[in-house]
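Participant: This one is upload.cif, mmCIF, C-alpha atoms and all ligand atoms.
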```cif
data_model
loop_
_atom_site.group_PDB
_atom_site.id
_atom_site.type_symbol
_atom_site.label_atom_id
_atom_site.label_comp_id
_atom_site.auth_asym_id
_atom_site.auth_seq_id
_atom_site.Cartn_x
_atom_site.Cartn_y
_atom_site.Cartn_z
ATOM 1 C CA MET Y 1 -7.115 10.445 14.118
ATOM 2 C CA ILE Y 2 -6.179 6.784 13.932
ATOM 3 C CA GLY Y 3 -4.342 6.172 10.654
ATOM 4 C CA ALA Y 4 -2.274 8.437 8.434
ATOM 5 C CA GLY Y 5 -3.073 7.156 4.959
ATOM 6 C CA ASN Y 6 -4.910 8.826 2.107
ATOM 7 C CA LEU Y 7 -8.216 9.396 3.856
ATOM 8 C CA ALA Y 8 -6.749 10.301 7.260
ATOM 9 C CA THR Y 9 -4.567 12.908 5.560
ATOM 10 C CA HIS Y 10 -7.332 14.519 3.510
ATOM 11 C CA LEU Y 11 -9.811 14.363 6.381
ATOM 12 C CA GLY Y 12 -7.288 15.621 8.929
ATOM 13 C CA LEU Y 13 -6.484 18.616 6.731
ATOM 14 C CA ALA Y 14 -10.171 19.324 6.077
ATOM 15 C CA LEU Y 15 -11.034 19.090 9.788
ATOM 16 C CA SER Y 16 -8.272 21.406 10.907
ATOM 17 C CA GLY Y 17 -9.112 23.746 8.019
ATOM 18 C CA CYS Y 18 -12.666 24.207 9.265
ATOM 19 C CA GLY Y 19 -11.988 24.870 12.908
ATOM 20 C CA PHE Y 20 -11.714 21.414 14.483
ATOM 21 C CA ARG Y 21 -8.704 20.606 16.597
ATOM 22 C CA VAL Y 22 -7.193 17.232 15.789
ATOM 23 C CA MET Y 23 -5.511 16.466 19.097
ATOM 24 C CA GLN Y 24 -3.555 13.314 18.310
ATOM 25 C CA VAL Y 25 -2.558 11.134 15.379
ATOM 26 C CA TYR Y 26 -1.806 7.463 15.953
ATOM 27 C CA ASN Y 27 -0.361 5.392 13.126
ATOM 28 C CA ARG Y 28 1.479 2.063 12.828
ATOM 29 C CA THR Y 29 4.265 3.655 10.769
ATOM 30 C CA SER Y 30 5.683 6.505 12.833
ATOM 31 C CA SER Y 31 7.191 8.512 9.956
ATOM 32 C CA LYS Y 32 3.814 8.847 8.204
ATOM 33 C CA GLY Y 33 1.966 9.560 11.438
ATOM 34 C CA MET Y 34 4.486 12.222 12.483
ATOM 35 C CA LYS Y 35 4.233 13.900 9.099
ATOM 36 C CA LEU Y 36 0.444 14.143 9.266
ATOM 37 C CA ALA Y 37 0.525 15.240 12.911
ATOM 38 C CA SER Y 38 2.976 18.049 12.162
ATOM 39 C CA VAL Y 39 0.916 19.334 9.205
ATOM 40 C CA ILE Y 40 -2.300 19.536 11.228
ATOM 41 C CA GLY Y 41 -0.760 20.648 14.531
ATOM 42 C CA ALA Y 42 -1.518 17.431 16.410
ATOM 43 C CA GLU Y 43 0.556 15.326 18.790
ATOM 44 C CA PHE Y 44 1.849 12.077 17.288
ATOM 45 C CA ILE Y 45 1.565 8.964 19.439
ATOM 46 C CA SER Y 46 3.249 5.668 18.579
ATOM 47 C CA ASP Y 47 1.337 3.628 21.136
ATOM 48 C CA PRO Y 48 -2.472 3.415 21.336
ATOM 49 C CA GLY Y 49 -2.066 3.303 25.119
ATOM 50 C CA MET Y 50 -1.188 7.024 24.939
ATOM 51 C CA LEU Y 51 -4.548 7.932 23.429
ATOM 52 C CA ARG Y 52 -6.209 10.839 25.222
ATOM 53 C CA GLN Y 53 -9.491 9.951 26.860
ATOM 54 C CA ASP Y 54 -11.199 13.315 26.379
ATOM 55 C CA SER Y 55 -11.625 13.704 22.604
ATOM 56 C CA ASP Y 56 -15.132 14.292 21.238
ATOM 57 C CA LEU Y 57 -14.536 11.860 18.400
ATOM 58 C CA TYR Y 58 -12.083 9.079 17.482
ATOM 59 C CA ILE Y 59 -11.775 8.516 13.727
ATOM 60 C CA LEU Y 60 -10.487 5.135 12.628
ATOM 61 C CA ALA Y 61 -9.146 5.515 9.085
ATOM 62 C CA VAL Y 62 -7.149 2.329 8.620
ATOM 63 C CA THR Y 63 -7.240 -0.322 5.939
ATOM 64 C CA ASP Y 64 -10.553 -2.202 5.971
ATOM 65 C CA THR Y 65 -9.147 -5.597 6.990
ATOM 66 C CA MET Y 66 -7.591 -4.067 10.127
ATOM 67 C CA ILE Y 67 -10.529 -1.999 11.419
ATOM 68 C CA GLY Y 68 -11.666 -4.555 14.019
ATOM 69 C CA GLU Y 69 -8.196 -5.362 15.301
ATOM 70 C CA VAL Y 70 -7.021 -1.742 15.539
ATOM 71 C CA ALA Y 71 -10.333 -0.676 17.155
ATOM 72 C CA ASN Y 72 -9.987 -3.334 19.816
ATOM 73 C CA SER Y 73 -6.445 -2.182 20.616
ATOM 74 C CA LEU Y 74 -7.716 1.298 21.596
ATOM 75 C CA PRO Y 75 -8.196 1.966 25.325
ATOM 76 C CA LEU Y 76 -11.716 3.383 24.927
ATOM 77 C CA LYS Y 77 -14.885 2.840 26.941
ATOM 78 C CA ASP Y 78 -17.828 4.919 25.796
ATOM 79 C CA GLN Y 79 -16.056 7.553 23.706
ATOM 80 C CA LEU Y 80 -17.503 8.097 20.245
ATOM 81 C CA LEU Y 81 -15.608 5.968 17.713
ATOM 82 C CA VAL Y 82 -16.277 5.891 13.952
ATOM 83 C CA HIS Y 83 -14.804 4.036 11.020
ATOM 84 C CA THR Y 84 -14.707 5.475 7.528
ATOM 85 C CA ALA Y 85 -15.284 2.420 5.331
ATOM 86 C CA GLY Y 86 -17.983 1.771 2.740
ATOM 87 C CA THR Y 87 -18.459 -1.963 3.136
ATOM 88 C CA ILE Y 88 -17.633 -2.744 6.771
ATOM 89 C CA GLU Y 89 -20.459 -3.293 9.250
ATOM 90 C CA MET Y 90 -20.763 -0.631 11.918
ATOM 91 C CA SER Y 91 -21.016 -3.391 14.566
ATOM 92 C CA ILE Y 92 -17.332 -4.249 14.067
ATOM 93 C CA LEU Y 93 -16.714 -1.416 16.578
ATOM 94 C CA SER Y 94 -19.114 -2.739 19.227
ATOM 95 C CA ALA Y 95 -16.411 -4.401 21.333
ATOM 96 C CA ALA Y 96 -14.198 -1.294 21.257
ATOM 97 C CA SER Y 97 -16.650 1.313 22.591
ATOM 98 C CA GLY Y 98 -20.223 1.698 23.786
ATOM 99 C CA ASN Y 99 -20.690 4.616 21.354
ATOM 100 C CA TYR Y 100 -19.837 4.024 17.752
ATOM 101 C CA GLY Y 101 -20.785 4.702 14.175
ATOM 102 C CA VAL Y 102 -19.682 5.322 10.624
ATOM 103 C CA PHE Y 103 -18.456 8.416 8.832
ATOM 104 C CA TYR Y 104 -18.112 7.399 5.181
ATOM 105 C CA PRO Y 105 -17.105 10.116 2.705
ATOM 106 C CA LEU Y 106 -18.177 9.045 -0.775
ATOM 107 C CA GLN Y 107 -15.152 10.257 -2.712
ATOM 108 C CA THR Y 108 -11.829 8.962 -3.986
ATOM 109 C CA PHE Y 109 -8.835 10.201 -1.992
ATOM 110 C CA SER Y 110 -5.319 9.741 -3.274
ATOM 111 C CA GLY Y 111 -2.159 11.769 -3.439
ATOM 112 C CA ARG Y 112 -2.039 15.392 -2.422
ATOM 113 C CA ARG Y 113 -4.660 16.912 -4.731
ATOM 114 C CA LYS Y 114 -6.840 19.175 -2.554
ATOM 115 C CA ILE Y 115 -10.446 18.019 -2.336
ATOM 116 C CA ASP Y 116 -13.347 20.283 -1.422
ATOM 117 C CA PHE Y 117 -15.182 18.435 1.362
ATOM 118 C CA LYS Y 118 -18.198 20.760 1.051
ATOM 119 C CA LYS Y 119 -19.261 18.843 -2.060
ATOM 120 C CA ILE Y 120 -18.582 15.341 -0.760
ATOM 121 C CA PRO Y 121 -21.589 13.244 0.290
ATOM 122 C CA ILE Y 122 -20.929 11.934 3.792
ATOM 123 C CA CYS Y 123 -22.847 8.833 4.869
ATOM 124 C CA VAL Y 124 -23.471 8.668 8.588
ATOM 125 C CA GLU Y 125 -24.685 5.800 10.762
ATOM 126 C CA ALA Y 126 -24.528 5.266 14.530
ATOM 127 C CA ASN Y 127 -25.601 2.861 17.268
ATOM 128 C CA SER Y 128 -27.750 5.494 19.015
ATOM 129 C CA LYS Y 129 -29.640 8.676 18.110
ATOM 130 C CA ASP Y 130 -27.295 10.671 20.315
ATOM 131 C CA ALA Y 131 -24.194 9.366 18.568
ATOM 132 C CA GLU Y 132 -25.852 9.865 15.174
ATOM 133 C CA ASP Y 133 -26.601 13.520 16.031
ATOM 134 C CA GLN Y 134 -23.008 14.144 17.102
ATOM 135 C CA ILE Y 135 -21.497 12.603 13.969
ATOM 136 C CA PHE Y 136 -24.085 14.372 11.805
ATOM 137 C CA GLU Y 137 -23.275 17.731 13.372
ATOM 138 C CA MET Y 138 -19.541 17.317 12.860
ATOM 139 C CA ALA Y 139 -20.016 16.061 9.273
ATOM 140 C CA GLY Y 140 -22.336 19.013 8.599
ATOM 141 C CA LYS Y 141 -19.498 21.434 9.331
ATOM 142 C CA LEU Y 142 -17.384 19.742 6.679
ATOM 143 C CA SER Y 143 -19.928 19.024 3.974
ATOM 144 C CA ASN Y 144 -23.246 20.297 2.619
ATOM 145 C CA GLN Y 145 -24.326 16.760 1.753
ATOM 146 C CA VAL Y 146 -24.616 14.689 4.918
ATOM 147 C CA GLN Y 147 -27.089 11.811 5.019
ATOM 148 C CA VAL Y 148 -27.973 9.068 7.453
ATOM 149 C CA ILE Y 149 -27.517 5.858 5.444
ATOM 150 C CA ASP Y 150 -27.859 2.337 6.838
ATOM 151 C CA SER Y 151 -25.207 -0.356 6.368
ATOM 152 C CA HIS Y 152 -26.977 -2.064 3.443
ATOM 153 C CA ASN Y 153 -27.339 1.139 1.423
ATOM 154 C CA ARG Y 154 -23.802 2.222 2.300
ATOM 155 C CA LYS Y 155 -22.500 -1.089 0.937
ATOM 156 C CA MET Y 156 -24.538 -0.634 -2.253
ATOM 157 C CA LEU Y 157 -23.149 2.899 -2.633
ATOM 158 C CA HIS Y 158 -19.614 1.614 -2.162
ATOM 159 C CA LEU Y 159 -20.165 -1.199 -4.687
ATOM 160 C CA SER Y 160 -21.542 1.317 -7.212
ATOM 161 C CA ALA Y 161 -18.573 3.578 -6.506
ATOM 162 C CA VAL Y 162 -16.192 0.737 -7.362
ATOM 163 C CA PHE Y 163 -17.841 0.429 -10.799
ATOM 164 C CA ALA Y 164 -18.177 4.180 -11.341
ATOM 165 C CA SER Y 165 -14.763 5.279 -10.141
ATOM 166 C CA ASN Y 166 -12.239 2.516 -9.406
ATOM 167 C CA PHE Y 167 -13.039 0.450 -12.505
ATOM 168 C CA THR Y 168 -13.329 3.520 -14.734
ATOM 169 C CA ASN Y 169 -9.890 4.654 -13.597
ATOM 170 C CA PHE Y 170 -8.461 1.204 -14.265
ATOM 171 C CA MET Y 171 -9.952 1.203 -17.785
ATOM 172 C CA GLN Y 172 -8.062 4.442 -18.371
ATOM 173 C CA VAL Y 173 -4.904 2.827 -16.992
ATOM 174 C CA ILE Y 174 -5.240 0.109 -19.659
ATOM 175 C CA ALA Y 175 -5.762 2.755 -22.351
ATOM 176 C CA GLU Y 176 -2.627 4.545 -21.144
ATOM 177 C CA VAL Y 177 -0.582 1.299 -21.169
ATOM 178 C CA LEU Y 178 -1.666 0.441 -24.728
ATOM 179 C CA LEU Y 179 -0.772 3.904 -26.011
ATOM 180 C CA ILE Y 180 2.567 4.069 -24.205
ATOM 181 C CA GLU Y 181 3.504 0.657 -25.617
ATOM 182 C CA ASN Y 182 2.869 2.034 -29.092
ATOM 183 C CA ASN Y 183 4.587 5.384 -28.499
ATOM 184 C CA ILE Y 184 1.343 7.318 -28.880
ATOM 185 C CA SER Y 185 0.595 10.265 -26.617
ATOM 186 C CA PHE Y 186 -2.104 9.556 -23.996
ATOM 187 C CA SER Y 187 -3.057 13.244 -24.146
ATOM 188 C CA LEU Y 188 -4.787 12.541 -27.498
ATOM 189 C CA LEU Y 189 -7.372 10.560 -25.522
ATOM 190 C CA LYS Y 190 -8.010 13.183 -22.842
ATOM 191 C CA PRO Y 191 -10.740 15.215 -24.657
ATOM 192 C CA LEU Y 192 -12.681 11.955 -25.118
ATOM 193 C CA ILE Y 193 -12.309 11.028 -21.440
ATOM 194 C CA ARG Y 194 -13.411 14.539 -20.411
ATOM 195 C CA GLN Y 195 -16.506 14.370 -22.633
ATOM 196 C CA THR Y 196 -17.390 10.924 -21.267
ATOM 197 C CA MET Y 197 -17.129 12.260 -17.702
ATOM 198 C CA LEU Y 198 -19.321 15.259 -18.579
ATOM 199 C CA ASN Y 199 -22.179 12.862 -19.398
ATOM 200 C CA VAL Y 200 -22.509 12.275 -15.660
ATOM 201 C CA ARG Y 201 -24.502 15.513 -15.461
ATOM 202 C CA LYS Y 202 -27.371 13.583 -17.058
ATOM 203 C CA ASP Y 203 -29.323 10.463 -16.090
ATOM 204 C CA HIS Y 204 -29.924 7.194 -17.965
ATOM 205 C CA LEU Y 205 -26.292 6.972 -19.001
ATOM 206 C CA PHE Y 206 -26.870 4.117 -21.460
ATOM 207 C CA ARG Y 207 -28.314 6.781 -23.775
ATOM 208 C CA TYR Y 208 -24.747 7.988 -24.227
ATOM 209 C CA GLN Y 209 -23.286 4.544 -24.910
ATOM 210 C CA THR Y 210 -21.374 4.300 -28.176
ATOM 211 C CA GLY Y 211 -18.675 1.972 -29.535
ATOM 212 C CA PRO Y 212 -18.405 -1.185 -31.617
ATOM 213 C CA ALA Y 213 -20.152 -3.479 -29.095
ATOM 214 C CA TYR Y 214 -23.083 -1.062 -28.856
ATOM 215 C CA ARG Y 215 -23.339 -0.815 -32.661
ATOM 216 C CA GLY Y 216 -22.818 -4.559 -33.165
ATOM 217 C CA ASP Y 217 -19.797 -3.972 -35.429
ATOM 218 C CA HIS Y 218 -18.352 -7.484 -35.245
ATOM 219 C CA ASN Y 219 -15.565 -6.796 -37.751
ATOM 220 C CA VAL Y 220 -14.223 -4.034 -35.472
ATOM 221 C CA LEU Y 221 -14.606 -6.194 -32.343
ATOM 222 C CA ASP Y 222 -12.567 -8.920 -34.073
ATOM 223 C CA ALA Y 223 -9.870 -6.434 -35.133
ATOM 224 C CA HIS Y 224 -9.565 -5.193 -31.531
ATOM 225 C CA ARG Y 225 -9.331 -8.776 -30.254
ATOM 226 C CA GLU Y 226 -6.419 -9.393 -32.620
ATOM 227 C CA LEU Y 227 -4.655 -6.265 -31.376
ATOM 228 C CA LEU Y 228 -5.013 -7.569 -27.814
ATOM 229 C CA ALA Y 229 -3.443 -10.977 -28.594
ATOM 230 C CA SER Y 230 -0.360 -10.130 -26.521
ATOM 231 C CA HIS Y 231 -2.524 -9.007 -23.554
ATOM 232 C CA PRO Y 232 -4.774 -11.979 -22.706
ATOM 233 C CA GLU Y 233 -5.887 -10.320 -19.435
ATOM 234 C CA TYR Y 234 -7.090 -7.176 -21.248
ATOM 235 C CA LEU Y 235 -8.663 -9.346 -23.985
ATOM 236 C CA GLU Y 236 -10.677 -11.116 -21.292
ATOM 237 C CA LEU Y 237 -11.919 -7.762 -19.975
ATOM 238 C CA TYR Y 238 -12.641 -6.519 -23.511
ATOM 239 C CA ASN Y 239 -14.801 -9.567 -24.265
ATOM 240 C CA LEU Y 240 -16.590 -9.489 -20.914
ATOM 241 C CA ILE Y 241 -17.505 -5.815 -21.115
ATOM 242 C CA SER Y 242 -18.426 -5.962 -24.807
ATOM 243 C CA ASP Y 243 -20.736 -8.952 -24.112
ATOM 244 C CA ASN Y 244 -22.339 -7.030 -21.239
ATOM 245 C CA ILE Y 245 -22.993 -4.024 -23.486
ATOM 246 C CA ILE Y 246 -24.540 -6.264 -26.166
ATOM 247 C CA LYS Y 247 -26.767 -8.026 -23.596
ATOM 248 C CA TYR Y 248 -27.786 -4.754 -21.908
ATOM 249 C CA LYS Y 249 -28.776 -3.266 -25.272
ATOM 250 C CA ALA Y 250 -30.766 -6.393 -26.201
ATOM 251 C CA LEU Y 251 -32.659 -6.182 -22.882
ATOM 252 C CA HIS Y 252 -33.171 -2.432 -22.581
ATOM 253 C CA GLY Y 253 -32.567 -0.914 -26.029
ATOM 254 C CA LYS Y 254 -31.481 2.731 -26.029
ATOM 255 C CA LEU Y 255 -33.193 4.112 -22.913
HETATM 256 N N1 LIG Y 301 -8.992 6.395 -0.137
HETATM 257 C C1 LIG Y 301 -10.260 6.530 -0.425
HETATM 258 O O1 LIG Y 301 -10.610 6.935 -1.545
HETATM 259 C C2 LIG Y 301 -11.312 6.224 0.609
HETATM 260 C C3 LIG Y 301 -12.608 6.762 0.431
HETATM 261 C C4 LIG Y 301 -13.585 6.517 1.402
HETATM 262 C C5 LIG Y 301 -13.296 5.729 2.498
HETATM 263 N N2 LIG Y 301 -12.038 5.196 2.629
HETATM 264 C C6 LIG Y 301 -11.766 4.359 3.814
HETATM 265 O O2 LIG Y 301 -10.731 4.953 4.583
HETATM 266 C C7 LIG Y 301 -10.002 3.927 5.284
HETATM 267 C C8 LIG Y 301 -8.518 4.127 5.002
HETATM 268 O O3 LIG Y 301 -8.297 4.005 3.611
HETATM 269 P P1 LIG Y 301 -7.084 4.766 2.878
HETATM 270 O O4 LIG Y 301 -7.435 4.830 1.442
HETATM 271 O O5 LIG Y 301 -6.737 5.983 3.611
HETATM 272 O O6 LIG Y 301 -5.934 3.667 3.062
HETATM 273 P P2 LIG Y 301 -4.361 3.859 2.960
HETATM 274 O O7 LIG Y 301 -3.991 5.141 2.323
HETATM 275 O O8 LIG Y 301 -3.865 2.592 2.351
HETATM 276 O O9 LIG Y 301 -3.920 3.914 4.497
HETATM 277 C C9 LIG Y 301 -4.094 2.770 5.274
HETATM 278 C C10 LIG Y 301 -3.917 3.111 6.745
HETATM 279 O O10 LIG Y 301 -4.144 1.894 7.487
HETATM 280 C C11 LIG Y 301 -2.975 1.604 8.253
HETATM 281 N N3 LIG Y 301 -2.717 0.157 8.304
HETATM 282 C C12 LIG Y 301 -2.602 -0.676 7.251
HETATM 283 N N4 LIG Y 301 -2.347 -1.933 7.677
HETATM 284 C C13 LIG Y 301 -2.287 -1.851 9.031
HETATM 285 C C14 LIG Y 301 -2.040 -2.806 10.050
HETATM 286 N N5 LIG Y 301 -1.797 -4.104 9.763
HETATM 287 N N6 LIG Y 301 -2.063 -2.389 11.332
HETATM 288 C C15 LIG Y 301 -2.297 -1.091 11.634
HETATM 289 N N7 LIG Y 301 -2.535 -0.128 10.718
HETATM 290 C C16 LIG Y 301 -2.531 -0.510 9.431
HETATM 291 C C17 LIG Y 301 -1.842 2.290 7.513
HETATM 292 O O11 LIG Y 301 -0.766 2.459 8.381
HETATM 293 P P3 LIG Y 301 0.737 2.500 7.825
HETATM 294 O O12 LIG Y 301 0.986 3.936 7.459
HETATM 295 O O13 LIG Y 301 1.529 2.027 8.967
HETATM 296 O O14 LIG Y 301 0.806 1.586 6.622
HETATM 297 C C18 LIG Y 301 -2.519 3.589 7.091
HETATM 298 O O15 LIG Y 301 -2.591 4.493 8.172
HETATM 299 C C19 LIG Y 301 -10.546 2.582 4.771
HETATM 300 O O16 LIG Y 301 -11.500 2.112 5.690
HETATM 301 C C20 LIG Y 301 -11.232 2.961 3.467
HETATM 302 O O17 LIG Y 301 -12.328 2.096 3.147
HETATM 303 C C21 LIG Y 301 -11.029 5.439 1.729
#
```
Would you kindly transcribe this structure into structure tokens?
Ligand SMILES: NC(=O)c1ccc[n+]([C@@H]2O[C@H](COP(=O)([O-])OP(=O)(O)OC[C@H]3O[C@@H](n4cnc5c(N)ncnc54)[C@H](OP(=O)(O)O)[C@@H]3O)[C@@H](O)[C@H]2O)c1
Facilitator:
Amino acid sequence: MIGAGNLATHLGLALSGCGFRVMQVYNRTSSKGMKLASVIGAEFISDPGMLRQDSDLYILAVTDTMIGEVANSLPLKDQLLVHTAGTIEMSILSAASGNYGVFYPLQTFSGRRKIDFKKIPICVEANSKDAEDQIFEMAGKLSNQVQVIDSHNRKMLHLSAVFASNFTNFMQVIAEVLLIENNISFSLLKPLIRQTMLNVRKDHLFRYQTGPAYRGDHNVLDAHRELLASHPEYLELYNLISDNIIKYKALHGKL
């Protein structure tokens, strides 16, 4: 396992929990790497030169901007190397090994909350059928939802995930900030957030759109804009998203 961040930790735990042996952990920051290694019974190495040559798979779970550089620092030849990113081309690994691919788990990993890998879609891609089969087989032991997905579709999935998950979470962060500033309990909003998330069981989500922009209640939109006067950055978001809802409704109506 190369990396010891959020994904490396969750994946390392899931792998060792379903019978795989993670042999080594390499990480730039030793303290984090040692911690992960000790939890999953692996050896920690502080130098990529100490990487064993006989592992079945080398998982590169480092920050996206460093994938190429870290991959090229590994002393590999034809060992199977994968990265775990949504929007990075598989070919970034081509100089590091003759056998490479992608193992992209479509889920958000943060903190220590345990995540059931069985339900996580895993997108697999490889530079040969042989490598694809090996990654697919390993992913299939972790998850019931493994699919071969090419780079273009993986990028589109990642982009959609940013809207569906990262942006949604940040919208809730703004809601929390506004309530805290006004000494109102955020827990009052939680039943609404839960109900909104439950709509995901259905399709055509615009059917479940509500709110002042959807209804065209301009007096309410103006009142909200006034309340956001001291937060120009949130006001900008409010206007942008409200305009998008109005335009989407004008184009598509209630689907
Ligand atoms: N988190 C998710 O929800 C999620 C989901 C799917 C896929 N992924 C993918 O998983 C990969 C890792 O993401 P993450 O969320 O686990 O990130 P993270 O928690 O921020 O961990 C980043 C890892 O990259 C290492 N790193 C950062 N800068 C480095 C540098 N300059 N040189 C060497 N190593 C460096 C860090 O080492 P240090 O400990 O030394 O900082 C750490 O091991 C990414 O490709 C991401 O796209 C993440």
Participant: Just need the box for stretch 138-145 of chain Y, edges along x, y and z, holding every atom the file lists for it with 8 Å tacked onto each side, so centre and edge lengths in Å to one decimal, as lines of an AutoDock Vina configuration file.
Facilitator:
```
center_x = -20.9
center_y = 18.7
center_z = 7.3
size_x = 22.9
size_y = 21.4
size_z = 27.1
```
Participant: Can you work out which one of Y:Thr9, Y:Thr108, Y:Gln209, Y:Asn99 has the shortest atom-to-atom distance to Y:Glu132, counting only C-alpha atoms?
Facilitator: Y:Asn99
Participant: Given the PyMOL selection byres (((chain Y and resi 116-128) around 10) and not hetatm) and the file above, list the residues it selects as a ChimeraX atom specification.
Facilitator: /Y:10-11,14-15,80-82,84-86,90-91,93-94,98-108,113-115,129-136,139-151,153-154,157
Participant: Running the PyMOL selection byres (((not hetatm)) within 10 of (chain Y and resi 301)) on this model by hand, what would come out? Give it as JSON, numbers by chain.
Facilitator: {"Y": [1, 2, 3, 4, 5, 6, 7, 8, 9, 10, 11, 25, 26, 27, 28, 29, 30, 31, 32, 33, 59, 60, 61, 62, 63, 64, 65, 66, 67, 69, 70, 71, 73, 83, 84, 85, 86, 87, 88, 103, 104, 105, 106, 107, 108, 109, 110, 111, 122, 158, 161, 165, 166]}
Participant: Go ahead and write the selection's residues with C-alpha atoms as a short mmCIF file (atom, residue, chain, number, x, y, z; two decimals), keeping the file's coordinate frame.
Facilitator:
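Dumped to result.cif:
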```
data_model
loop_
_atom_site.label_atom_id
_atom_site.label_comp_id
_atom_site.auth_asym_id
_atom_site.auth_seq_id
_atom_site.Cartn_x
_atom_site.Cartn_y
_atom_site.Cartn_z
CA MET Y 1 -7.12 10.44 14.12
CA ILE Y 2 -6.18 6.78 13.93
CA GLY Y 3 -4.34 6.17 10.65
CA ALA Y 4 -2.27 8.44 8.43
CA GLY Y 5 -3.07 7.16 4.96
CA ASN Y 6 -4.91 8.83 2.11
CA LEU Y 7 -8.22 9.40 3.86
CA ALA Y 8 -6.75 10.30 7.26
CA THR Y 9 -4.57 12.91 5.56
CA HIS Y 10 -7.33 14.52 3.51
CA LEU Y 11 -9.81 14.36 6.38
CA VAL Y 25 -2.56 11.13 15.38
CA TYR Y 26 -1.81 7.46 15.95
CA ASN Y 27 -0.36 5.39 13.13
CA ARG Y 28 1.48 2.06 12.83
CA THR Y 29 4.26 3.66 10.77
CA SER Y 30 5.68 6.50 12.83
CA SER Y 31 7.19 8.51 9.96
CA LYS Y 32 3.81 8.85 8.20
CA GLY Y 33 1.97 9.56 11.44
CA ILE Y 59 -11.78 8.52 13.73
CA LEU Y 60 -10.49 5.14 12.63
CA ALA Y 61 -9.15 5.52 9.09
CA VAL Y 62 -7.15 2.33 8.62
CA THR Y 63 -7.24 -0.32 5.94
CA ASP Y 64 -10.55 -2.20 5.97
CA THR Y 65 -9.15 -5.60 6.99
CA MET Y 66 -7.59 -4.07 10.13
CA ILE Y 67 -10.53 -2.00 11.42
CA GLU Y 69 -8.20 -5.36 15.30
CA VAL Y 70 -7.02 -1.74 15.54
CA ALA Y 71 -10.33 -0.68 17.16
CA SER Y 73 -6.44 -2.18 20.62
CA HIS Y 83 -14.80 4.04 11.02
CA THR Y 84 -14.71 5.48 7.53
CA ALA Y 85 -15.28 2.42 5.33
CA GLY Y 86 -17.98 1.77 2.74
CA THR Y 87 -18.46 -1.96 3.14
CA ILE Y 88 -17.63 -2.74 6.77
CA PHE Y 103 -18.46 8.42 8.83
CA TYR Y 104 -18.11 7.40 5.18
CA PRO Y 105 -17.10 10.12 2.70
CA LEU Y 106 -18.18 9.04 -0.78
CA GLN Y 107 -15.15 10.26 -2.71
CA THR Y 108 -11.83 8.96 -3.99
CA PHE Y 109 -8.84 10.20 -1.99
CA SER Y 110 -5.32 9.74 -3.27
CA GLY Y 111 -2.16 11.77 -3.44
CA ILE Y 122 -20.93 11.93 3.79
CA HIS Y 158 -19.61 1.61 -2.16
CA ALA Y 161 -18.57 3.58 -6.51
CA SER Y 165 -14.76 5.28 -10.14
CA ASN Y 166 -12.24 2.52 -9.41
#
```
Participant: Counting all atoms listed in the file, which of Y:Val177, Y:Ile246, Y:Leu228, Y:Val22 gets nearest to Y:Val39?
Facilitator: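 Answer, going by the shortest atom-to-atom distance: Y:Val22.
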Participant: Suppose you want the space between atom CA of Y:Leu198 and atom CA of Y:Leu179; what is it in Å?
Facilitator: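 If I compute the distance from atom CA of Y:Leu198 to atom CA of Y:Leu179, I get 23.0 Å.
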Participant: I'd like the interatomic distance between atom CA of Y:Asp203 and atom CA of Y:Met171, to a tenth of an Å.
Facilitator: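 Value for the atom CA of Y:Asp203-atom CA of Y:Met171 distance: 21.5 Å.
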Participant: Quick one: which residues end up in the PyMOL selection byres (((chain Y and resi 55) around 9) and not hetatm) for this structure, as a count of residues only?
Facilitator: 10
Participant: Which value, in Å to one decimal, gives the distance between atom CA of Y:Met156 and atom CA of Y:Ile245?
Facilitator: 21.6 Å
Participant: Rebuild N, CA, C and O atoms on stretch 22-27 of chain Y, as a short mmCIF file (atom, residue, chain, number, x, y, z; two decimals), in the coordinates of the input?
Facilitator:
```
data_model
loop_
_atom_site.label_atom_id
_atom_site.label_comp_id
_atom_site.auth_asym_id
_atom_site.auth_seq_id
_atom_site.Cartn_x
_atom_site.Cartn_y
_atom_site.Cartn_z
N VAL Y 22 -7.58 18.65 15.74
CA VAL Y 22 -7.19 17.23 15.79
C VAL Y 22 -6.10 17.13 16.85
O VAL Y 22 -5.02 17.68 16.70
N MET Y 23 -6.42 16.44 17.95
CA MET Y 23 -5.51 16.47 19.10
C MET Y 23 -4.34 15.51 18.94
O MET Y 23 -3.21 15.85 19.27
N GLN Y 24 -4.63 14.30 18.44
CA GLN Y 24 -3.56 13.31 18.31
C GLN Y 24 -3.70 12.55 17.00
O GLN Y 24 -4.81 12.39 16.48
N VAL Y 25 -2.57 12.07 16.51
CA VAL Y 25 -2.56 11.13 15.38
C VAL Y 25 -1.84 9.88 15.87
O VAL Y 25 -0.73 9.97 16.40
N TYR Y 26 -2.49 8.73 15.68
CA TYR Y 26 -1.81 7.46 15.95
C TYR Y 26 -1.71 6.71 14.64
O TYR Y 26 -2.67 6.63 13.87
N ASN Y 27 -0.53 6.18 14.34
CA ASN Y 27 -0.36 5.39 13.13
C ASN Y 27 0.71 4.33 13.34
O ASN Y 27 1.68 4.55 14.07
#
```
